[in-house]
file structure.csv (CSV, C-alpha atoms and all ligand atoms)
chain,number,residue,atom,x,y,z
I,624,MET,CA,-27.4,8.5,12.7
I,625,ARG,CA,-28.4,10.8,15.4
I,626,ALA,CA,-31.0,9.2,17.7
I,627,ALA,CA,-33.0,10.4,20.6
I,628,VAL,CA,-34.5,8.1,23.2
I,629,LEU,CA,-37.6,8.6,25.3
I,630,ALA,CA,-37.9,6.6,28.5
I,631,SER,CA,-40.1,6.8,31.5
I,632,GLY,CA,-38.4,4.3,33.9
I,633,ARG,CA,-35.5,2.0,34.5
I,634,GLY,CA,-33.8,2.3,31.1
I,635,SER,CA,-32.5,-1.2,30.6
I,636,ASN,CA,-33.3,-1.0,26.9
I,637,LEU,CA,-31.6,2.3,26.7
I,638,LYS,CA,-28.6,0.7,28.3
I,639,ALA,CA,-28.6,-2.2,25.8
I,640,LEU,CA,-28.7,0.4,22.9
I,641,LEU,CA,-25.9,2.4,24.4
I,642,GLU,CA,-23.8,-0.7,24.9
I,643,ALA,CA,-24.4,-1.8,21.3
I,644,ALA,CA,-23.4,1.6,20.1
I,645,GLU,CA,-20.3,1.6,22.2
I,646,ARG,CA,-19.3,-1.9,21.0
I,647,GLY,CA,-19.5,-0.5,17.4
I,648,SER,CA,-22.3,-2.9,16.5
I,649,LEU,CA,-24.9,-0.2,16.1
I,650,PRO,CA,-24.0,2.9,14.0
I,651,ILE,CA,-26.1,5.4,15.9
I,652,LYS,CA,-25.2,8.2,18.3
I,653,ILE,CA,-27.7,8.7,21.1
I,654,VAL,CA,-27.6,12.5,21.3
I,655,ALA,CA,-30.5,13.2,23.7
I,656,VAL,CA,-32.6,11.3,26.2
I,657,GLY,CA,-36.0,12.6,27.3
I,658,SER,CA,-38.5,11.6,29.9
I,659,ASP,CA,-41.9,12.5,31.3
I,660,GLN,CA,-40.6,11.3,34.8
I,661,ALA,CA,-38.0,13.4,36.6
I,662,GLY,CA,-37.0,10.4,38.7
I,663,ALA,CA,-36.5,8.0,35.8
I,664,LYS,CA,-33.4,5.8,36.2
I,665,ALA,CA,-32.9,6.2,32.4
I,666,LEU,CA,-32.0,9.9,33.0
I,667,GLU,CA,-29.3,9.0,35.6
I,668,LEU,CA,-27.9,6.5,33.2
I,669,SER,CA,-27.7,9.0,30.4
I,670,ARG,CA,-26.1,11.7,32.5
I,671,GLY,CA,-23.5,9.1,33.5
I,672,ALA,CA,-22.8,8.5,29.9
I,673,GLY,CA,-22.5,12.3,29.2
I,674,ILE,CA,-25.8,12.4,27.1
I,675,PRO,CA,-27.9,15.6,27.4
I,676,THR,CA,-31.2,14.9,29.1
I,677,ARG,CA,-34.4,16.7,29.5
I,678,VAL,CA,-37.6,16.1,31.5
I,679,PHE,CA,-41.0,17.0,30.1
I,680,PRO,CA,-43.3,16.5,33.1
I,681,SER,CA,-46.9,16.1,32.1
I,682,LYS,CA,-48.1,18.3,34.9
I,683,ASP,CA,-46.2,21.3,33.5
I,684,TYR,CA,-48.4,21.3,30.4
I,685,PRO,CA,-52.1,22.2,29.9
I,686,HIS,CA,-52.4,19.3,27.5
I,687,ARG,CA,-50.5,16.6,25.7
I,688,GLN,CA,-50.1,18.6,22.5
I,689,ALA,CA,-48.2,21.4,24.3
I,690,GLN,CA,-45.9,18.8,25.8
I,691,GLU,CA,-45.3,17.2,22.4
I,692,GLU,CA,-44.6,20.6,20.8
I,693,ASP,CA,-41.8,21.0,23.3
I,694,LEU,CA,-40.5,17.5,22.6
I,695,LEU,CA,-40.4,18.2,18.9
I,696,ILE,CA,-38.6,21.5,19.3
I,697,TRP,CA,-36.1,19.8,21.5
I,698,MET,CA,-35.6,17.0,19.0
I,699,ARG,CA,-35.1,19.5,16.2
I,700,GLU,CA,-32.5,21.3,18.3
I,701,HIS,CA,-30.6,18.1,18.6
I,702,ARG,CA,-31.0,17.3,14.9
I,703,VAL,CA,-32.6,14.0,15.6
I,704,GLU,CA,-32.9,11.6,12.7
I,705,LEU,CA,-34.4,8.6,14.6
I,706,LEU,CA,-36.5,8.4,17.7
I,707,LEU,CA,-36.5,5.3,19.9
I,708,LEU,CA,-39.1,4.7,22.6
I,709,ALA,CA,-37.7,2.6,25.3
I,710,GLY,CA,-40.2,2.1,28.0
I,711,TYR,CA,-41.9,5.5,27.3
I,712,MET,CA,-45.2,5.1,28.9
I,713,LYS,CA,-47.1,7.9,27.2
I,714,VAL,CA,-48.8,7.5,23.8
I,715,LEU,CA,-47.6,10.0,21.3
I,716,GLY,CA,-50.4,12.0,19.6
I,717,PRO,CA,-51.2,12.0,15.9
I,718,GLN,CA,-49.9,15.6,15.5
I,719,PHE,CA,-46.5,14.6,16.8
I,720,ILE,CA,-46.3,11.5,14.6
I,721,ARG,CA,-47.3,13.5,11.6
I,722,GLN,CA,-44.9,16.4,12.2
I,723,ALA,CA,-41.9,14.2,13.1
I,724,ASN,CA,-39.8,13.9,10.0
I,725,PHE,CA,-37.9,10.9,11.3
I,726,PRO,CA,-38.8,7.3,11.9
I,727,ILE,CA,-40.1,6.4,15.4
I,728,LEU,CA,-39.6,2.9,16.8
I,729,ASN,CA,-41.0,1.3,20.0
I,730,ILE,CA,-40.4,-1.9,21.8
I,731,HIS,CA,-43.3,-3.7,23.4
I,732,PRO,CA,-43.2,-6.7,25.8
I,733,SER,CA,-45.6,-9.0,23.9
I,734,LEU,CA,-46.1,-10.5,20.5
I,735,LEU,CA,-48.2,-7.8,19.0
I,736,PRO,CA,-51.0,-7.5,18.0
I,737,ALA,CA,-51.6,-9.6,21.2
I,738,PHE,CA,-51.7,-7.6,24.4
I,739,PRO,CA,-51.1,-4.0,23.5
I,740,GLY,CA,-51.1,-1.2,26.1
I,741,LEU,CA,-50.2,-1.5,29.7
I,742,HIS,CA,-49.2,-4.6,31.7
I,743,ALA,CA,-48.6,-6.8,28.6
I,744,GLN,CA,-47.0,-9.5,30.6
I,745,ARG,CA,-49.9,-9.6,33.1
I,746,GLN,CA,-52.3,-9.8,30.1
I,747,ALA,CA,-50.4,-12.7,28.7
I,748,LEU,CA,-50.4,-14.6,31.9
I,749,GLU,CA,-54.1,-14.0,32.5
I,750,TYR,CA,-55.0,-15.1,29.0
I,751,GLY,CA,-53.0,-18.3,29.5
I,752,VAL,CA,-50.8,-18.1,26.4
I,753,LYS,CA,-47.9,-20.6,26.2
I,754,VAL,CA,-45.6,-18.2,24.4
I,755,SER,CA,-45.2,-14.5,24.5
I,756,GLY,CA,-42.2,-12.3,23.6
I,757,CYS,CA,-41.4,-8.8,22.4
I,758,THR,CA,-42.0,-6.7,19.3
I,759,VAL,CA,-40.1,-3.8,17.8
I,760,HIS,CA,-42.5,-1.8,15.6
I,761,PHE,CA,-42.8,1.6,13.9
I,762,VAL,CA,-45.0,3.9,15.8
I,763,ASP,CA,-48.1,5.0,14.1
I,764,GLU,CA,-51.2,6.9,15.3
I,765,GLY,CA,-52.7,3.8,17.1
I,766,LEU,CA,-51.8,2.0,20.3
I,767,ASP,CA,-48.9,-0.3,19.6
I,768,SER,CA,-50.3,-0.8,16.2
I,769,GLY,CA,-47.6,0.2,13.7
I,770,PRO,CA,-45.8,-2.0,11.2
I,771,ILE,CA,-43.8,-4.8,12.8
I,772,LEU,CA,-40.0,-4.8,12.3
I,773,LEU,CA,-38.9,-7.8,14.4
I,774,GLN,CA,-40.3,-10.1,17.0
I,775,GLU,CA,-38.8,-12.7,19.4
I,776,VAL,CA,-40.7,-15.5,21.0
I,777,VAL,CA,-40.3,-16.2,24.7
I,778,PRO,CA,-41.8,-19.2,26.5
I,779,VAL,CA,-44.4,-18.8,29.3
I,780,LEU,CA,-43.4,-21.4,31.9
I,781,PRO,CA,-45.7,-23.0,34.5
I,782,GLY,CA,-45.4,-21.1,37.7
I,783,ASP,CA,-44.4,-17.8,36.0
I,784,THR,CA,-45.3,-14.6,37.7
I,785,GLU,CA,-45.6,-11.3,36.0
I,786,GLU,CA,-42.1,-10.5,37.3
I,787,SER,CA,-40.4,-13.7,36.1
I,788,LEU,CA,-42.0,-13.5,32.7
I,789,ALA,CA,-41.1,-9.8,32.4
I,790,ARG,CA,-37.5,-10.6,33.2
I,791,ARG,CA,-37.3,-13.4,30.5
I,792,ILE,CA,-38.9,-11.1,28.0
I,793,LEU,CA,-36.6,-8.2,28.9
I,794,GLU,CA,-33.5,-10.4,28.1
I,795,ALA,CA,-35.0,-10.9,24.6
I,796,GLU,CA,-35.8,-7.2,24.3
I,797,HIS,CA,-32.1,-6.3,24.9
I,798,ARG,CA,-31.1,-8.4,21.9
I,799,LEU,CA,-34.0,-7.5,19.7
I,800,TYR,CA,-34.0,-3.7,19.9
I,801,PRO,CA,-30.4,-3.1,18.9
I,802,GLU,CA,-30.8,-5.6,16.1
I,803,ALA,CA,-33.9,-3.9,14.8
I,804,VAL,CA,-32.3,-0.5,14.9
I,805,ARG,CA,-29.2,-1.9,13.2
I,806,LEU,CA,-31.3,-3.3,10.3
I,807,LEU,CA,-33.1,0.1,9.9
I,808,VAL,CA,-30.0,2.2,10.0
I,809,ALA,CA,-28.3,-0.2,7.5
I,810,GLY,CA,-31.2,0.4,5.1
I,811,LYS,CA,-32.3,-3.2,5.2
I,812,VAL,CA,-35.9,-2.4,6.1
I,813,LYS,CA,-38.5,-1.9,3.3
I,814,ARG,CA,-42.0,-0.8,4.1
I,815,VAL,CA,-44.7,-2.1,1.9
I,816,GLY,CA,-48.0,-0.9,3.3
I,817,ARG,CA,-48.0,-2.2,6.8
I,818,ARG,CA,-45.7,-5.1,6.0
I,819,ILE,CA,-42.0,-4.9,6.6
I,820,GLN,CA,-39.5,-6.7,4.3
I,821,LEU,CA,-36.1,-7.3,5.8
I,822,LEU,CA,-33.8,-7.1,2.8
I,823,GLN,CA,-30.9,-9.2,4.2
I,824,GLN,CA,-33.1,-12.2,4.7
I,825,GLU,CA,-33.9,-13.2,1.2
I,826,GLY,CA,-37.5,-14.0,0.4
I,827,SER,CA,-38.6,-13.4,3.9
I,828,GLU,CA,-40.9,-10.7,5.2
T,1,LIG,C1,-39.8,-2.8,28.7
T,1,LIG,O1,-40.3,-4.1,29.0
T,1,LIG,C2,-40.6,-2.3,27.5
T,1,LIG,O2,-40.9,-3.3,26.5
T,1,LIG,C3,-41.9,-1.8,28.2
T,1,LIG,O3,-41.4,-1.2,29.3
T,1,LIG,C4,-40.3,-1.8,29.8
T,1,LIG,C5,-39.2,-0.8,30.0
T,1,LIG,O4,-38.1,-1.3,30.6
T,1,LIG,N1,-42.6,-0.9,27.3
T,1,LIG,C6,-43.9,-0.9,27.2
T,1,LIG,O5,-44.6,-1.6,27.9
T,1,LIG,C7,-44.4,0.2,26.2
T,1,LIG,N2,-45.8,-0.1,26.0
T,1,LIG,P1,-36.7,-0.5,30.6
T,1,LIG,O6,-37.0,0.9,31.2
T,1,LIG,O7,-35.8,-1.3,31.5
T,1,LIG,O8,-36.2,-0.5,29.2
call {"tool": "encode", "arguments": {"input": "structure.csv", "output": "structure tokens", "more": "lines below"}}
Ligand code: GAR
result
Amino acid sequence: MRAAVLASGRGSNLKALLEAAERGSLPIKIVAVGSDQAGAKALELSRGAGIPTRVFPSKDYPHRQAQEEDLLIWMREHRVELLLLAGYMKVLGPQFIRQANFPILNIHPSLLPAFPGLHAQRQALEYGVKVSGCTVHFVDEGLDSGPILLQEVVPVLPGDTEESLARRILEAEHRLYPEAVRLLVAGKVKRVGRRIQLLQQEGSE
């Protein structure tokens, strides 16, 4: 399956996906990596791996819709069948979501629906939860609100800082995202309304 990745920063989730694909444990080919940030490390990583990249800087567009029209054209050029958001810090608009004729997944560093939006780890610490984690979900028109595919729980430890918690969650993200994509590509994911049934785990949802 031909996948595109959008990333705004470091790209460690992109790296985890690339490594899983290289190992042969994830039957996708990452055919294009885009970013809104010219300096994103994720772009460097992709160029190093020989993957075509493109920057869509927000300042070059009069409004989000124009930027997203370009994104969509670019994805069609690359015959994208799956879009993976990996630390992409812009919210995709309803028009993009409606027009994209491929699934869109996102990874978020909290147990949704807790702590959507920015600084999820800081929100978790400030709230005082004892566990947090990460979520892979389908992208819908809301903010981190689409149907949930997989989640992994991570403990919040006494003395945690935003950075230490983010690091612990990131380790889980690197396992969870490739696994979620693998299940989707293998046809093991059934959507019933906003609930996701994972077909390989009998009786579970
Ligand atoms: C990850 O923790 C990801 O879950 C988060 O940004 C980080 C990107 O790291 N995404 C969001 O907060 C999206 N709302 P990475 O660039 O190293 O993959």
call {"tool": "residues_around", "arguments": {"input": "structure.csv", "residues": "I:Met624", "least_positions_apart": "2", "cutoff": "8 Å", "atoms": "all atoms listed in the file", "output": "VMD selection string"}}
result
chain I and resid 626 650 to 652 704 to 705 808
call {"tool": "residues_near_ligand", "arguments": {"input": "structure.csv", "ligand": "ligand LIG 1 (chain T)", "cutoff": "10 Å", "atoms": "all atoms listed in the file", "output": "PyMOL selection string"}}
result
chain I and resi 629-640+663-665+708-714+729-733+738-744+756-759+766-767+789-797+800
call {"tool": "atom_distance", "arguments": {"input": "structure.csv", "atom1": "atom CA of I:Val762", "atom2": "atom CA of I:Ile720"}}
result
7.8 Å
call {"tool": "closest_residue", "arguments": {"input": "structure.csv", "among": "I:Leu735, I:Val656, I:Leu773, I:Ala672", "to": "I:Met698", "atoms": "all atoms listed in the file"}}
result
I:Val656
call {"tool": "atom_distance", "arguments": {"input": "structure.csv", "atom1": "atom CA of I:Leu715", "atom2": "atom CA of I:Tyr750"}}
result
27.3 Å
call {"tool": "closest_residue", "arguments": {"input": "structure.csv", "among": "I:Gly816, I:Gly782, I:Pro801, I:Gly810", "to": "I:Gly769", "atoms": "only C-alpha atoms"}}
result
I:Gly816
call {"tool": "closest_residue", "arguments": {"input": "structure.csv", "among": "I:Phe679, I:Pro770, I:Pro778, I:Arg625", "to": "I:Val754", "atoms": "only C-alpha atoms"}}
result
I:Pro778
call {"tool": "residues_around", "arguments": {"input": "structure.csv", "residues": "I:Gly657", "least_positions_apart": "6", "cutoff": "6 Å", "atoms": "all atoms listed in the file", "output": "ChimeraX atom specification"}}
result
/I:629,676-678
call {"tool": "closest_residue", "arguments": {"input": "structure.csv", "among": "I:Leu772, I:Leu694, I:Leu649, I:Leu748", "to": "I:Ser787", "atoms": "only C-alpha atoms"}}
result
I:Leu748
call {"tool": "atom_distance", "arguments": {"input": "structure.csv", "atom1": "atom CA of I:Arg818", "atom2": "atom CA of I:Arg798"}}
result
21.8 Å
call {"tool": "closest_residue", "arguments": {"input": "structure.csv", "among": "I:Leu807, I:Val779, I:Ala723, I:Leu821", "to": "I:Glu749", "atoms": "only C-alpha atoms"}}
result
I:Val779
call {"tool": "residues_around", "arguments": {"input": "structure.csv", "residues": "I:Ile696", "least_positions_apart": "5", "cutoff": "12 Å", "atoms": "all atoms listed in the file", "output": "list in words"}}
result
Phe679, Ala689, Gln690, Glu691, His701, Arg702, Val703, Phe719, Gln722 and Ala723 of chain I
call {"tool": "closest_residue", "arguments": {"input": "structure.csv", "among": "I:Ala737, I:Ala803, I:Leu695, I:Leu822", "to": "I:Phe725", "atoms": "all atoms listed in the file"}}
result
I:Leu695
call {"tool": "build_atoms", "arguments": {"input": "structure.csv", "residues": "stretch 761-772 of chain I", "atoms": "all heavy atoms", "output": "short mmCIF file (atom, residue, chain, number, x, y, z; two decimals), keeping the file's coordinate frame"}}
result
data_model
loop_
_atom_site.label_atom_id
_atom_site.label_comp_id
_atom_site.auth_asym_id
_atom_site.auth_seq_id
_atom_site.Cartn_x
_atom_site.Cartn_y
_atom_site.Cartn_z
N PHE I 761 -42.69 0.13 14.16
CA PHE I 761 -42.80 1.60 13.90
C PHE I 761 -43.98 2.10 14.66
O PHE I 761 -44.99 1.39 14.83
CB PHE I 761 -42.99 1.82 12.39
CG PHE I 761 -41.74 1.64 11.57
CD1 PHE I 761 -41.52 0.46 10.86
CD2 PHE I 761 -40.78 2.64 11.51
CE1 PHE I 761 -40.36 0.28 10.12
CE2 PHE I 761 -39.61 2.48 10.77
CZ PHE I 761 -39.41 1.30 10.07
N VAL I 762 -43.86 3.33 15.10
CA VAL I 762 -45.00 3.90 15.80
C VAL I 762 -45.87 4.65 14.82
O VAL I 762 -45.40 5.43 13.99
CB VAL I 762 -44.43 4.94 16.87
CG1 VAL I 762 -45.55 5.73 17.53
CG2 VAL I 762 -43.62 4.18 17.93
N ASP I 763 -47.15 4.31 14.90
CA ASP I 763 -48.10 5.00 14.10
C ASP I 763 -49.14 5.69 15.04
O ASP I 763 -48.87 5.79 16.24
CB ASP I 763 -48.78 4.13 13.04
CG ASP I 763 -49.68 3.07 13.66
OD1 ASP I 763 -49.86 3.09 14.90
OD2 ASP I 763 -50.20 2.22 12.92
N GLU I 764 -50.28 6.10 14.51
CA GLU I 764 -51.20 6.90 15.30
C GLU I 764 -52.04 6.01 16.29
O GLU I 764 -52.79 6.53 17.10
CB GLU I 764 -52.06 7.76 14.45
CG GLU I 764 -51.20 8.78 13.73
CD GLU I 764 -51.97 9.68 12.79
OE1 GLU I 764 -53.20 9.74 12.88
OE2 GLU I 764 -51.30 10.33 11.95
N GLY I 765 -51.92 4.70 16.19
CA GLY I 765 -52.70 3.80 17.10
C GLY I 765 -51.89 3.40 18.29
O GLY I 765 -50.75 3.83 18.49
N LEU I 766 -52.48 2.54 19.10
CA LEU I 766 -51.80 2.00 20.30
C LEU I 766 -51.06 0.75 19.97
O LEU I 766 -51.69 -0.28 19.72
CB LEU I 766 -52.84 1.80 21.42
CG LEU I 766 -52.28 1.18 22.70
CD1 LEU I 766 -51.33 2.13 23.41
CD2 LEU I 766 -53.41 0.76 23.64
N ASP I 767 -49.73 0.83 19.93
CA ASP I 767 -48.90 -0.30 19.60
C ASP I 767 -49.32 -1.06 18.36
O ASP I 767 -49.30 -2.28 18.28
CB ASP I 767 -48.92 -1.33 20.83
CG ASP I 767 -48.37 -0.71 22.10
OD1 ASP I 767 -47.44 0.11 22.01
OD2 ASP I 767 -48.87 -1.03 23.20
N SER I 768 -49.70 -0.25 17.36
CA SER I 768 -50.30 -0.80 16.20
C SER I 768 -49.52 -0.67 14.88
O SER I 768 -49.96 -1.10 13.83
CB SER I 768 -51.71 -0.22 15.97
OG SER I 768 -51.58 1.18 15.79
N GLY I 769 -48.34 -0.06 14.96
CA GLY I 769 -47.60 0.20 13.70
C GLY I 769 -46.95 -1.01 13.13
O GLY I 769 -46.88 -2.07 13.77
N PRO I 770 -46.44 -0.88 11.91
CA PRO I 770 -45.80 -2.00 11.20
C PRO I 770 -44.69 -2.65 12.03
O PRO I 770 -43.88 -1.97 12.65
CB PRO I 770 -45.23 -1.35 9.95
CG PRO I 770 -46.08 -0.15 9.73
CD PRO I 770 -46.48 0.34 11.08
N ILE I 771 -44.69 -3.99 11.99
CA ILE I 771 -43.80 -4.80 12.80
C ILE I 771 -42.45 -5.02 12.13
O ILE I 771 -42.42 -5.52 11.01
CB ILE I 771 -44.44 -6.09 13.24
CG1 ILE I 771 -45.60 -5.79 14.22
CG2 ILE I 771 -43.44 -7.05 13.86
CD1 ILE I 771 -46.46 -6.99 14.55
N LEU I 772 -41.37 -4.69 12.84
CA LEU I 772 -40.00 -4.80 12.30
C LEU I 772 -39.42 -6.20 12.68
O LEU I 772 -38.96 -6.95 11.85
CB LEU I 772 -39.18 -3.72 12.87
CG LEU I 772 -38.29 -2.93 11.95
CD1 LEU I 772 -37.97 -1.60 12.56
CD2 LEU I 772 -37.03 -3.71 11.70
#
